[in-house]
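J.: Input structure: my_file18.pdb, which contains PDB, C-alpha atoms.
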```
ATOM      1  CA  MET A 619      19.496  12.842 -14.909
ATOM      2  CA  ILE A 620      16.662  12.720 -12.346
ATOM      3  CA  VAL A 621      12.907  12.681 -11.951
ATOM      4  CA  GLN A 622      11.892  15.481  -9.610
ATOM      5  CA  ALA A 623       8.528  15.383  -7.834
ATOM      6  CA  CYS A 624       6.571  18.662  -7.948
ATOM      7  CA  ILE A 625       3.883  17.790  -5.470
ATOM      8  CA  ASN A 626       1.515  20.766  -5.269
ATOM      9  CA  GLY A 627       2.429  24.039  -6.982
ATOM     10  CA  ALA A 628      -0.223  26.751  -7.141
ATOM     11  CA  ARG A 629      -3.074  24.305  -7.685
ATOM     12  CA  PRO A 630      -6.337  24.995  -5.801
ATOM     13  CA  ALA A 631      -7.587  22.557  -3.192
ATOM     14  CA  ASP A 632     -10.239  21.119  -5.515
ATOM     15  CA  PHE A 633      -7.728  20.225  -8.247
ATOM     16  CA  HIS A 634      -7.192  16.731  -6.851
ATOM     17  CA  PRO A 635      -8.260  14.966  -3.621
ATOM     18  CA  ALA A 636      -4.636  14.088  -2.818
ATOM     19  CA  LEU A 637      -3.211  17.594  -3.347
ATOM     20  CA  PRO A 638      -1.007  18.220  -0.263
ATOM     21  CA  LEU A 639      -1.605  21.649   1.265
ATOM     22  CA  ASP A 640      -0.112  21.440   4.771
ATOM     23  CA  PRO A 641       3.352  20.351   5.929
ATOM     24  CA  GLU A 642       2.235  16.938   7.175
ATOM     25  CA  ALA A 643       0.399  16.132   3.941
ATOM     26  CA  MET A 644       3.360  17.384   1.918
ATOM     27  CA  ALA A 645       5.681  15.182   3.949
ATOM     28  CA  ARG A 646       3.548  12.102   3.269
ATOM     29  CA  ALA A 647       3.297  12.871  -0.449
ATOM     30  CA  ALA A 648       7.031  13.554  -0.609
ATOM     31  CA  ALA A 649       7.966  10.292   1.102
ATOM     32  CA  ALA A 650       5.666   8.332  -1.206
ATOM     33  CA  SER A 651       7.140  10.098  -4.250
ATOM     34  CA  ILE A 652      10.702   9.304  -3.195
ATOM     35  CA  ALA A 653       9.709   5.676  -2.612
ATOM     36  CA  ALA A 654       8.260   5.654  -6.149
ATOM     37  CA  GLY A 655      11.579   6.756  -7.628
ATOM     38  CA  ALA A 656      11.784  10.559  -7.396
ATOM     39  CA  ALA A 657      15.273  11.843  -6.621
ATOM     40  CA  GLU A 658      14.368  15.364  -5.508
ATOM     41  CA  LEU A 659      11.407  17.451  -4.382
ATOM     42  CA  HIS A 660       9.900  20.750  -5.482
ATOM     43  CA  VAL A 661       7.217  22.206  -3.214
ATOM     44  CA  HIS A 662       5.182  25.350  -2.723
ATOM     45  CA  ALA A 663       4.837  26.080   0.997
ATOM     46  CA  ARG A 664       1.370  27.035   2.198
ATOM     47  CA  GLY A 665       0.251  29.165   5.112
ATOM     48  CA  ALA A 666      -2.361  28.172   7.671
ATOM     49  CA  ASP A 667      -5.048  29.379   5.252
ATOM     50  CA  GLY A 668      -3.847  26.960   2.567
ATOM     51  CA  ARG A 669      -2.526  29.734   0.342
ATOM     52  CA  GLU A 670       0.998  29.772  -1.059
ATOM     53  CA  SER A 671       3.427  31.597   1.180
ATOM     54  CA  LEU A 672       7.112  32.444   1.407
ATOM     55  CA  ALA A 673       6.744  33.669   4.993
ATOM     56  CA  PRO A 674       9.337  32.117   7.326
ATOM     57  CA  GLU A 675       6.733  30.469   9.538
ATOM     58  CA  ALA A 676       5.229  28.644   6.541
ATOM     59  CA  MET A 677       8.514  27.842   4.849
ATOM     60  CA  ASP A 678      10.272  26.677   8.021
ATOM     61  CA  ARG A 679       7.479  24.299   8.996
ATOM     62  CA  THR A 680       7.306  22.874   5.487
ATOM     63  CA  VAL A 681      11.023  22.338   4.960
ATOM     64  CA  ALA A 682      11.451  20.868   8.444
ATOM     65  CA  ALA A 683       8.604  18.394   7.842
ATOM     66  CA  LEU A 684      10.125  17.340   4.519
ATOM     67  CA  ARG A 685      13.571  16.896   6.071
ATOM     68  CA  ARG A 686      12.103  14.565   8.708
ATOM     69  CA  ALA A 687      10.143  12.557   6.139
ATOM     70  CA  CYS A 688      12.852  12.424   3.452
ATOM     71  CA  PRO A 689      16.275  12.675   5.098
ATOM     72  CA  GLY A 690      19.084  13.284   2.646
ATOM     73  CA  THR A 691      16.739  14.322  -0.186
ATOM     74  CA  LEU A 692      17.334  17.650  -1.913
ATOM     75  CA  ILE A 693      14.400  20.012  -1.394
ATOM     76  CA  GLY A 694      13.489  22.894  -3.675
ATOM     77  CA  VAL A 695      10.897  25.646  -3.366
ATOM     78  CA  SER A 696       9.345  28.281  -5.586
ATOM     79  CA  THR A 697       9.918  32.031  -5.321
ATOM     80  CA  GLY A 698       7.202  32.966  -7.837
ATOM     81  CA  ALA A 699       6.333  36.660  -7.730
ATOM     82  CA  TRP A 700       2.626  35.836  -7.522
ATOM     83  CA  ILE A 701       3.085  34.220  -4.108
ATOM     84  CA  GLU A 702       3.797  37.339  -2.044
ATOM     85  CA  LYS A 703       2.698  39.773  -4.777
ATOM     86  CA  ASP A 704       5.376  42.233  -3.658
ATOM     87  CA  ASP A 705       9.079  42.071  -4.464
ATOM     88  CA  LEU A 706      10.217  43.592  -1.166
ATOM     89  CA  ARG A 707       8.046  41.175   0.802
ATOM     90  CA  THR A 708       9.578  38.296  -1.166
ATOM     91  CA  LEU A 709      13.112  39.428  -0.306
ATOM     92  CA  VAL A 710      12.283  39.984   3.365
ATOM     93  CA  ALA A 711      10.750  36.515   3.546
ATOM     94  CA  ILE A 712      13.853  34.881   2.045
ATOM     95  CA  SER A 713      16.092  36.713   4.501
ATOM     96  CA  GLY A 714      14.032  35.323   7.395
ATOM     97  CA  TRP A 715      14.063  31.629   6.478
ATOM     98  CA  ARG A 716      15.674  29.486   9.171
ATOM     99  CA  GLU A 717      15.060  26.033   7.653
ATOM    100  CA  LEU A 718      16.798  26.557   4.348
ATOM    101  CA  PRO A 719      15.828  24.625   1.213
ATOM    102  CA  ASP A 720      18.654  23.246  -0.899
ATOM    103  CA  TYR A 721      17.580  25.275  -3.908
ATOM    104  CA  ALA A 722      14.842  27.590  -5.113
ATOM    105  CA  SER A 723      13.440  28.217  -8.576
ATOM    106  CA  VAL A 724      13.457  31.755  -9.958
ATOM    107  CA  ASN A 725      11.429  32.705 -13.013
ATOM    108  CA  LEU A 726      13.545  34.799 -15.364
ATOM    109  CA  SER A 727      10.372  36.369 -16.738
ATOM    110  CA  GLU A 728       9.859  38.206 -13.444
ATOM    111  CA  THR A 729      11.171  41.744 -12.977
ATOM    112  CA  ALA A 730      12.923  41.069  -9.668
ATOM    113  CA  ALA A 731      14.618  37.835 -10.790
ATOM    114  CA  PRO A 732      18.195  39.200 -10.563
ATOM    115  CA  ILE A 733      17.853  40.510  -7.012
ATOM    116  CA  VAL A 734      15.959  37.391  -5.889
ATOM    117  CA  MET A 735      18.786  35.268  -7.298
ATOM    118  CA  GLU A 736      21.376  37.317  -5.461
ATOM    119  CA  SER A 737      19.392  37.092  -2.216
ATOM    120  CA  LEU A 738      19.285  33.305  -2.510
ATOM    121  CA  ARG A 739      22.964  33.140  -3.381
ATOM    122  CA  GLN A 740      23.874  35.172  -0.284
ATOM    123  CA  ARG A 741      22.032  32.634   1.844
ATOM    124  CA  GLY A 742      23.796  29.686   0.234
ATOM    125  CA  ILE A 743      20.667  28.432  -1.527
ATOM    126  CA  GLY A 744      21.095  26.943  -4.994
ATOM    127  CA  ILE A 745      19.209  28.456  -7.911
ATOM    128  CA  GLU A 746      17.083  26.768 -10.542
ATOM    129  CA  ALA A 747      16.762  29.294 -13.373
ATOM    130  CA  GLY A 748      13.254  28.968 -14.770
ATOM    131  CA  LEU A 749      13.073  29.656 -18.501
ATOM    132  CA  ALA A 750       9.678  29.638 -20.174
ATOM    133  CA  SER A 751      10.599  31.543 -23.334
ATOM    134  CA  ILE A 752      13.503  32.412 -25.595
ATOM    135  CA  ALA A 753      13.453  35.910 -24.060
ATOM    136  CA  ASP A 754      13.960  34.349 -20.617
ATOM    137  CA  ALA A 755      17.006  32.470 -21.901
ATOM    138  CA  GLU A 756      18.444  35.620 -23.447
ATOM    139  CA  ARG A 757      17.939  37.448 -20.169
ATOM    140  CA  LEU A 758      19.776  34.749 -18.224
ATOM    141  CA  VAL A 759      22.674  35.007 -20.639
ATOM    142  CA  GLY A 760      22.688  38.794 -20.339
ATOM    143  CA  LEU A 761      22.734  38.654 -16.547
ATOM    144  CA  ASP A 762      25.799  36.415 -16.615
ATOM    145  CA  HIS A 763      24.101  34.085 -14.155
ATOM    146  CA  GLY A 764      24.037  31.160 -16.547
ATOM    147  CA  GLY A 765      27.253  29.644 -15.308
ATOM    148  CA  ARG A 766      26.440  30.136 -11.629
ATOM    149  CA  VAL A 767      23.058  28.442 -11.307
ATOM    150  CA  LEU A 768      22.492  24.931 -10.005
ATOM    151  CA  ARG A 769      20.485  23.996 -13.071
ATOM    152  CA  VAL A 770      18.279  25.375 -15.781
ATOM    153  CA  LEU A 771      14.567  24.604 -15.836
ATOM    154  CA  ILE A 772      13.103  24.662 -19.300
ATOM    155  CA  GLU A 773       9.451  24.843 -18.350
ATOM    156  CA  ILE A 774       6.987  25.230 -21.169
ATOM    157  CA  SER A 775       3.378  26.389 -20.852
ATOM    158  CA  GLU A 776       2.367  26.177 -24.526
ATOM    159  CA  GLN A 777      -0.143  23.374 -24.914
ATOM    160  CA  ALA A 778       0.218  22.527 -28.607
ATOM    161  CA  GLN A 779       3.020  19.966 -28.743
ATOM    162  CA  ASP A 780       4.769  21.298 -31.847
ATOM    163  CA  GLU A 781       4.727  24.842 -30.514
ATOM    164  CA  ALA A 782       5.898  23.726 -27.072
ATOM    165  CA  PHE A 783       8.791  21.714 -28.502
ATOM    166  CA  ALA A 784       9.801  24.637 -30.733
ATOM    167  CA  VAL A 785      10.010  26.991 -27.744
ATOM    168  CA  ALA A 786      12.043  24.455 -25.746
ATOM    169  CA  ASP A 787      14.435  23.898 -28.654
ATOM    170  CA  GLY A 788      14.825  27.643 -29.107
ATOM    171  CA  ILE A 789      15.738  28.081 -25.440
ATOM    172  CA  GLU A 790      18.385  25.373 -25.716
ATOM    173  CA  LYS A 791      19.899  27.022 -28.784
ATOM    174  CA  VAL A 792      20.306  30.298 -26.900
ATOM    175  CA  LEU A 793      22.051  28.511 -24.033
ATOM    176  CA  GLN A 794      24.303  26.579 -26.401
ATOM    177  CA  ARG A 795      25.356  29.698 -28.307
ATOM    178  CA  ALA A 796      26.233  31.371 -25.014
ATOM    179  CA  GLY A 797      28.266  28.381 -23.846
ATOM    180  CA  ILE A 798      26.040  27.783 -20.812
ATOM    181  CA  ARG A 799      26.445  24.138 -19.903
ATOM    182  CA  ARG A 800      24.419  23.657 -16.752
ATOM    183  CA  SER A 801      22.253  20.589 -16.218
ATOM    184  CA  ILE A 802      18.772  20.938 -17.710
ATOM    185  CA  LEU A 803      15.447  19.861 -16.265
ATOM    186  CA  LEU A 804      12.840  19.810 -19.029
ATOM    187  CA  HIS A 805       9.119  19.732 -18.316
ATOM    188  CA  GLY A 806       5.719  20.764 -19.570
ATOM    189  CA  GLU A 807       2.319  21.090 -17.953
ATOM    190  CA  ASN A 808      -1.173  19.726 -18.421
ATOM    191  CA  ALA A 809      -1.383  18.462 -22.032
ATOM    192  CA  THR A 810       2.401  18.424 -22.525
ATOM    193  CA  VAL A 811       3.522  16.678 -19.326
ATOM    194  CA  TRP A 812       4.135  13.280 -20.880
ATOM    195  CA  PRO A 813       5.485  14.423 -24.258
ATOM    196  CA  PHE A 814       8.160  16.328 -22.366
ATOM    197  CA  VAL A 815       8.902  13.393 -20.058
ATOM    198  CA  GLU A 816       9.430  11.243 -23.150
ATOM    199  CA  LYS A 817      11.572  13.936 -24.795
ATOM    200  CA  ALA A 818      13.688  14.413 -21.662
ATOM    201  CA  ALA A 819      14.207  10.679 -21.197
ATOM    202  CA  ALA A 820      15.224  10.193 -24.822
ATOM    203  CA  ARG A 821      17.793  12.990 -24.512
ATOM    204  CA  ASN A 822      19.143  12.000 -21.074
ATOM    205  CA  LEU A 823      17.825  15.180 -19.460
ATOM    206  CA  SER A 824      16.109  15.475 -16.107
ATOM    207  CA  THR A 825      12.370  16.058 -15.812
ATOM    208  CA  ARG A 826       9.692  16.517 -13.199
ATOM    209  CA  VAL A 827       6.144  15.306 -12.653
ATOM    210  CA  GLY A 828       3.547  15.769  -9.958
ATOM    211  CA  LEU A 829       0.248  17.461  -9.255
ATOM    212  CA  GLU A 830       1.788  20.879  -9.859
ATOM    213  CA  ASP A 831       2.144  20.054 -13.545
ATOM    214  CA  GLY A 832      -0.775  17.705 -14.146
ATOM    215  CA  LYS A 833      -2.941  14.955 -12.688
ATOM    216  CA  GLU A 834      -3.299  12.514 -15.587
ATOM    217  CA  LEU A 835      -1.237   9.416 -16.258
ATOM    218  CA  PRO A 836       0.129   8.668 -19.752
ATOM    219  CA  ASN A 837      -3.035   6.677 -20.567
ATOM    220  CA  GLY A 838      -5.237   9.677 -19.740
ATOM    221  CA  SER A 839      -6.649   8.358 -16.489
ATOM    222  CA  VAL A 840      -6.435  10.479 -13.340
ATOM    223  CA  ALA A 841      -3.602   9.390 -11.057
ATOM    224  CA  ASP A 842      -4.216   8.494  -7.427
ATOM    225  CA  GLY A 843      -1.602  11.053  -6.434
ATOM    226  CA  ASN A 844       1.962  12.243  -6.824
ATOM    227  CA  ALA A 845       3.576   8.837  -6.304
ATOM    228  CA  ALA A 846       1.654   7.299  -9.213
ATOM    229  CA  LEU A 847       2.784  10.114 -11.506
ATOM    230  CA  VAL A 848       6.399   9.665 -10.413
ATOM    231  CA  ALA A 849       6.231   5.902 -10.916
ATOM    232  CA  ALA A 850       4.925   6.395 -14.458
ATOM    233  CA  ALA A 851       7.786   8.763 -15.287
ATOM    234  CA  VAL A 852      10.368   6.390 -13.820
ATOM    235  CA  ARG A 853       9.037   3.590 -16.029
ATOM    236  CA  ILE A 854       9.525   5.798 -19.096
ATOM    237  CA  TYR A 855      13.135   6.511 -18.087
ATOM    238  CA  ARG A 856      13.878   2.836 -17.485
ATOM    239  CA  ARG A 857      12.844   1.876 -20.991
ATOM    240  CA  ALA A 858      14.449   4.881 -22.711
TER     241      ALA A 858
END
```
Would you mind giving the structure from this file in structure tokens?
T.:
Amino acid sequence: MIVQACINGARPADFHPALPLDPEAMARAAAASIAAGAAELHVHARGADGRESLAPEAMDRTVAALRRACPGTLIGVSTGAWIEKDDLRTLVAISGWRELPDYASVNLSETAAPIVMESLRQRGIGIEAGLASIADAERLVGLDHGGRVLRVLIEISEQAQDEAFAVADGIEKVLQRAGIRRSILLHGENATVWPFVEKAAARNLSTRVGLEDGKELPNGSVADGNAALVAAAVRIYRRA
């Protein structure tokens, strides 16, 4: 059971003044998040133009900077299809990484998810299986990857709390029926960040917070940055 810090995601530069978009800024935000109680990191590497990138030059610089700033901390990255906008380019990029992350998230809603997962596995990189719908969970079960992933991310985009919780519960039921017993990291975004942190803490599941998922604290005020969001989540876990 951990709090993971998701420090930037696909957010644009104007989302928050403290959004880290280069390796040095990511390293500072990561170190502050770990000091605030985060156990792991999830980052989206950016190229020199500030755009998300899986290219080796962007990924290597980012992972190396995070390793220096947070030695011994597990580092995860995204492989979202929107980043390179081409499945072959995504696979070529992964094959060229020299500074390997500990794990990478793969969205089961994406067409190339199975081959991306296999590419990561061949490189010794752990896989976080991202499930945003019941269909995603059923696909994971059908691929027989459920027992071979590092963990399952139940990541919900629905903004109405009742609807979001219903989707998350439905995903869990699919996994349970299939006998998939991997650790679960449960999280929402924007309006559902804190309801899902509370739900995860109450059920002894992992969660994540950070500027990728939202910028507001539980009281509705805008956080100073990633570390403040992490600290708020850690407080919820300590009282759960």
J.: Near A:Arg856, counting all atoms listed in the file, which residues have an atom at most 12 Å away, once you skip same-chain residues fewer than 3 positions from it, shown as a count of residues only?
T.: 14
J.: Tell me which of A:Leu771, A:Ala628, A:Val759, A:Thr810 sits closest to A:Ala796, counting all atoms listed in the file.
T.: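 Answer, going by the shortest atom-to-atom distance: A:Val759.
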J.: Quick one: everything within 9 Å of A:Lys833, counting only C-alpha atoms, minus sequence neighbours fewer than 3 positions away in the same chain. Send it as a PyMOL selection string.
T.: chain A and resi 633-634+808+828-830+839-844+847
J.: Rank nothing, just name the residue among A:Ala683, A:Val827, A:Val770, A:Leu639 nearest to A:Arg800, using only C-alpha atoms.
T.: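 Smallest separation from A:Arg800 among the options: A:Val770.
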J.: Centre and edge lengths, as lines of an AutoDock Vina configuration file, for the axis-aligned box enclosing every listed atom of stretch 726-736 of chain A with 3 Å of padding on each of the six sides, in Å to one decimal?
T.:
```
center_x = 15.6
center_y = 38.3
center_z = -11.1
size_x = 17.5
size_y = 12.9
size_z = 17.3
```
J.: When distances are computed from all atoms listed in the file, which of A:Ala782, A:Val661, A:Ile854, A:Leu835 shows the smallest separation from A:Ala818?
T.: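 Closest to A:Ala818 of all the choices is A:Ile854.
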J.: Using all atoms listed in the file, what residues lie at most 6 Å away from (12.3, 22.4, -7.2) (file coordinates), given as a PyMOL selection string?
T.: chain A and resi 659-660+694-695
J.: Since we have the selection now, will you write its residues out, keeping C-alpha atoms, as a PDB file, keeping the file's coordinate frame?
T.:
```
ATOM      1  CA  LEU A 659      11.407  17.451  -4.382  1.00  0.00           C
ATOM      2  CA  HIS A 660       9.900  20.750  -5.482  1.00  0.00           C
ATOM      3  CA  GLY A 694      13.489  22.894  -3.675  1.00  0.00           C
ATOM      4  CA  VAL A 695      10.897  25.646  -3.366  1.00  0.00           C
TER       5      VAL A 695
END
```
J.: Just want the 6 Å neighbourhood of stretch 752-754 of chain A, counted on all atoms listed in the file, with same-chain residues fewer than 2 positions away dropped. Output as a list in words.
T.: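 Contacts, with the query itself left out: Leu726, Ser727, Leu749, Glu756, Arg757 and Ile789 of chain A.
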J.: Might you pull out every residue within 6 Å of stretch 709-724 of chain A, with only C-alpha atoms counted and same-chain residues fewer than 2 positions away left off, and present them as a VMD selection string?
T.: chain A and resid 672 to 674 678 692 to 697 706 to 707 743 to 748
J.: Expand the PyMOL selection byres ((chain A and resi 764) around 9) into the individual residues it matches in the shown file, reporting them as number ranges by chain.
T.: A: 747, 755, 758-763, 765-767, 769-770, 793, 796-800
J.: Check which residues satisfy the PyMOL selection byres ((chain A and resi 786) around 9) in the file shown, then give them as a ChimeraX atom specification.
T.: /A:749-752,772-774,781-785,787-791,804
J.: Apply the PyMOL selection byres ((chain A and resi 649) around 12) to the file shown and report the selected residues as an mmCIF file with C-alpha atoms, in the frame of the given file.
T.:
```cif
data_model
loop_
_atom_site.group_PDB
_atom_site.id
_atom_site.type_symbol
_atom_site.label_atom_id
_atom_site.label_comp_id
_atom_site.auth_asym_id
_atom_site.auth_seq_id
_atom_site.Cartn_x
_atom_site.Cartn_y
_atom_site.Cartn_z
ATOM 1 C CA ALA A 623 8.528 15.383 -7.834
ATOM 2 C CA ILE A 625 3.883 17.790 -5.470
ATOM 3 C CA GLU A 642 2.235 16.938 7.175
ATOM 4 C CA ALA A 643 0.399 16.132 3.941
ATOM 5 C CA MET A 644 3.360 17.384 1.918
ATOM 6 C CA ALA A 645 5.681 15.182 3.949
ATOM 7 C CA ARG A 646 3.548 12.102 3.269
ATOM 8 C CA ALA A 647 3.297 12.871 -0.449
ATOM 9 C CA ALA A 648 7.031 13.554 -0.609
ATOM 10 C CA ALA A 650 5.666 8.332 -1.206
ATOM 11 C CA SER A 651 7.140 10.098 -4.250
ATOM 12 C CA ILE A 652 10.702 9.304 -3.195
ATOM 13 C CA ALA A 653 9.709 5.676 -2.612
ATOM 14 C CA ALA A 654 8.260 5.654 -6.149
ATOM 15 C CA GLY A 655 11.579 6.756 -7.628
ATOM 16 C CA ALA A 656 11.784 10.559 -7.396
ATOM 17 C CA ALA A 657 15.273 11.843 -6.621
ATOM 18 C CA GLU A 658 14.368 15.364 -5.508
ATOM 19 C CA LEU A 659 11.407 17.451 -4.382
ATOM 20 C CA ALA A 683 8.604 18.394 7.842
ATOM 21 C CA LEU A 684 10.125 17.340 4.519
ATOM 22 C CA ARG A 685 13.571 16.896 6.071
ATOM 23 C CA ARG A 686 12.103 14.565 8.708
ATOM 24 C CA ALA A 687 10.143 12.557 6.139
ATOM 25 C CA CYS A 688 12.852 12.424 3.452
ATOM 26 C CA PRO A 689 16.275 12.675 5.098
ATOM 27 C CA GLY A 690 19.084 13.284 2.646
ATOM 28 C CA THR A 691 16.739 14.322 -0.186
ATOM 29 C CA ILE A 693 14.400 20.012 -1.394
ATOM 30 C CA ASN A 844 1.962 12.243 -6.824
ATOM 31 C CA ALA A 845 3.576 8.837 -6.304
ATOM 32 C CA VAL A 848 6.399 9.665 -10.413
#
```
J.: Could you check how far atom CA of A:Gln794 sits from atom CA of A:Arg741, in Å to one decimal?
T.: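 Separating atom CA of A:Gln794 from atom CA of A:Arg741 is a distance of 29.0 Å.
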J.: Taking only C-alpha atoms into account, name the residue in A:Ala846, A:Ala730, A:Ala778, A:Met677 that is nearest to A:Asp704.
T.: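 Using only C-alpha atoms, A:Asp704 sits closest to A:Ala730.
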J.: Would you fill the gaps in stretch 638-650 of chain A so it has N, CA, C and O atoms, then print it as a PDB file, in the frame of the given file?
T.:
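And here is the file that came out, selection-v5.pdb:
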```pdb
ATOM      1  N   PRO A 638      -1.465  17.942  -1.634  1.00  0.00           N
ATOM      2  CA  PRO A 638      -1.007  18.220  -0.263  1.00  0.00           C
ATOM      3  C   PRO A 638      -0.866  19.722  -0.011  1.00  0.00           C
ATOM      4  O   PRO A 638      -0.121  20.415  -0.706  1.00  0.00           O
ATOM      5  N   LEU A 639      -1.562  20.211   1.014  1.00  0.00           N
ATOM      6  CA  LEU A 639      -1.605  21.649   1.265  1.00  0.00           C
ATOM      7  C   LEU A 639      -1.071  22.058   2.636  1.00  0.00           C
ATOM      8  O   LEU A 639      -1.005  23.250   2.928  1.00  0.00           O
ATOM      9  N   ASP A 640      -0.715  21.103   3.481  1.00  0.00           N
ATOM     10  CA  ASP A 640      -0.112  21.440   4.771  1.00  0.00           C
ATOM     11  C   ASP A 640       1.171  20.621   4.923  1.00  0.00           C
ATOM     12  O   ASP A 640       1.395  19.653   4.190  1.00  0.00           O
ATOM     13  N   PRO A 641       2.052  21.015   5.835  1.00  0.00           N
ATOM     14  CA  PRO A 641       3.352  20.351   5.929  1.00  0.00           C
ATOM     15  C   PRO A 641       3.277  18.845   6.110  1.00  0.00           C
ATOM     16  O   PRO A 641       4.076  18.107   5.524  1.00  0.00           O
ATOM     17  N   GLU A 642       2.330  18.377   6.925  1.00  0.00           N
ATOM     18  CA  GLU A 642       2.235  16.938   7.175  1.00  0.00           C
ATOM     19  C   GLU A 642       1.811  16.197   5.907  1.00  0.00           C
ATOM     20  O   GLU A 642       2.355  15.136   5.568  1.00  0.00           O
ATOM     21  N   ALA A 643       0.835  16.762   5.190  1.00  0.00           N
ATOM     22  CA  ALA A 643       0.399  16.132   3.941  1.00  0.00           C
ATOM     23  C   ALA A 643       1.509  16.176   2.900  1.00  0.00           C
ATOM     24  O   ALA A 643       1.713  15.214   2.143  1.00  0.00           O
ATOM     25  N   MET A 644       2.236  17.288   2.850  1.00  0.00           N
ATOM     26  CA  MET A 644       3.360  17.384   1.918  1.00  0.00           C
ATOM     27  C   MET A 644       4.429  16.347   2.251  1.00  0.00           C
ATOM     28  O   MET A 644       5.020  15.741   1.354  1.00  0.00           O
ATOM     29  N   ALA A 645       4.673  16.153   3.532  1.00  0.00           N
ATOM     30  CA  ALA A 645       5.681  15.182   3.949  1.00  0.00           C
ATOM     31  C   ALA A 645       5.283  13.775   3.520  1.00  0.00           C
ATOM     32  O   ALA A 645       6.120  12.999   3.034  1.00  0.00           O
ATOM     33  N   ARG A 646       4.011  13.436   3.685  1.00  0.00           N
ATOM     34  CA  ARG A 646       3.548  12.102   3.269  1.00  0.00           C
ATOM     35  C   ARG A 646       3.658  11.937   1.761  1.00  0.00           C
ATOM     36  O   ARG A 646       4.122  10.896   1.269  1.00  0.00           O
ATOM     37  N   ALA A 647       3.220  12.949   1.013  1.00  0.00           N
ATOM     38  CA  ALA A 647       3.297  12.871  -0.449  1.00  0.00           C
ATOM     39  C   ALA A 647       4.739  12.810  -0.915  1.00  0.00           C
ATOM     40  O   ALA A 647       5.072  12.088  -1.867  1.00  0.00           O
ATOM     41  N   ALA A 648       5.611  13.560  -0.241  1.00  0.00           N
ATOM     42  CA  ALA A 648       7.031  13.554  -0.609  1.00  0.00           C
ATOM     43  C   ALA A 648       7.652  12.190  -0.372  1.00  0.00           C
ATOM     44  O   ALA A 648       8.370  11.663  -1.230  1.00  0.00           O
ATOM     45  N   ALA A 649       7.394  11.604   0.788  1.00  0.00           N
ATOM     46  CA  ALA A 649       7.966  10.292   1.102  1.00  0.00           C
ATOM     47  C   ALA A 649       7.490   9.241   0.108  1.00  0.00           C
ATOM     48  O   ALA A 649       8.272   8.394  -0.355  1.00  0.00           O
ATOM     49  N   ALA A 650       6.206   9.291  -0.240  1.00  0.00           N
ATOM     50  CA  ALA A 650       5.666   8.332  -1.206  1.00  0.00           C
ATOM     51  C   ALA A 650       6.291   8.542  -2.586  1.00  0.00           C
ATOM     52  O   ALA A 650       6.580   7.578  -3.307  1.00  0.00           O
TER      53      ALA A 650
END
```
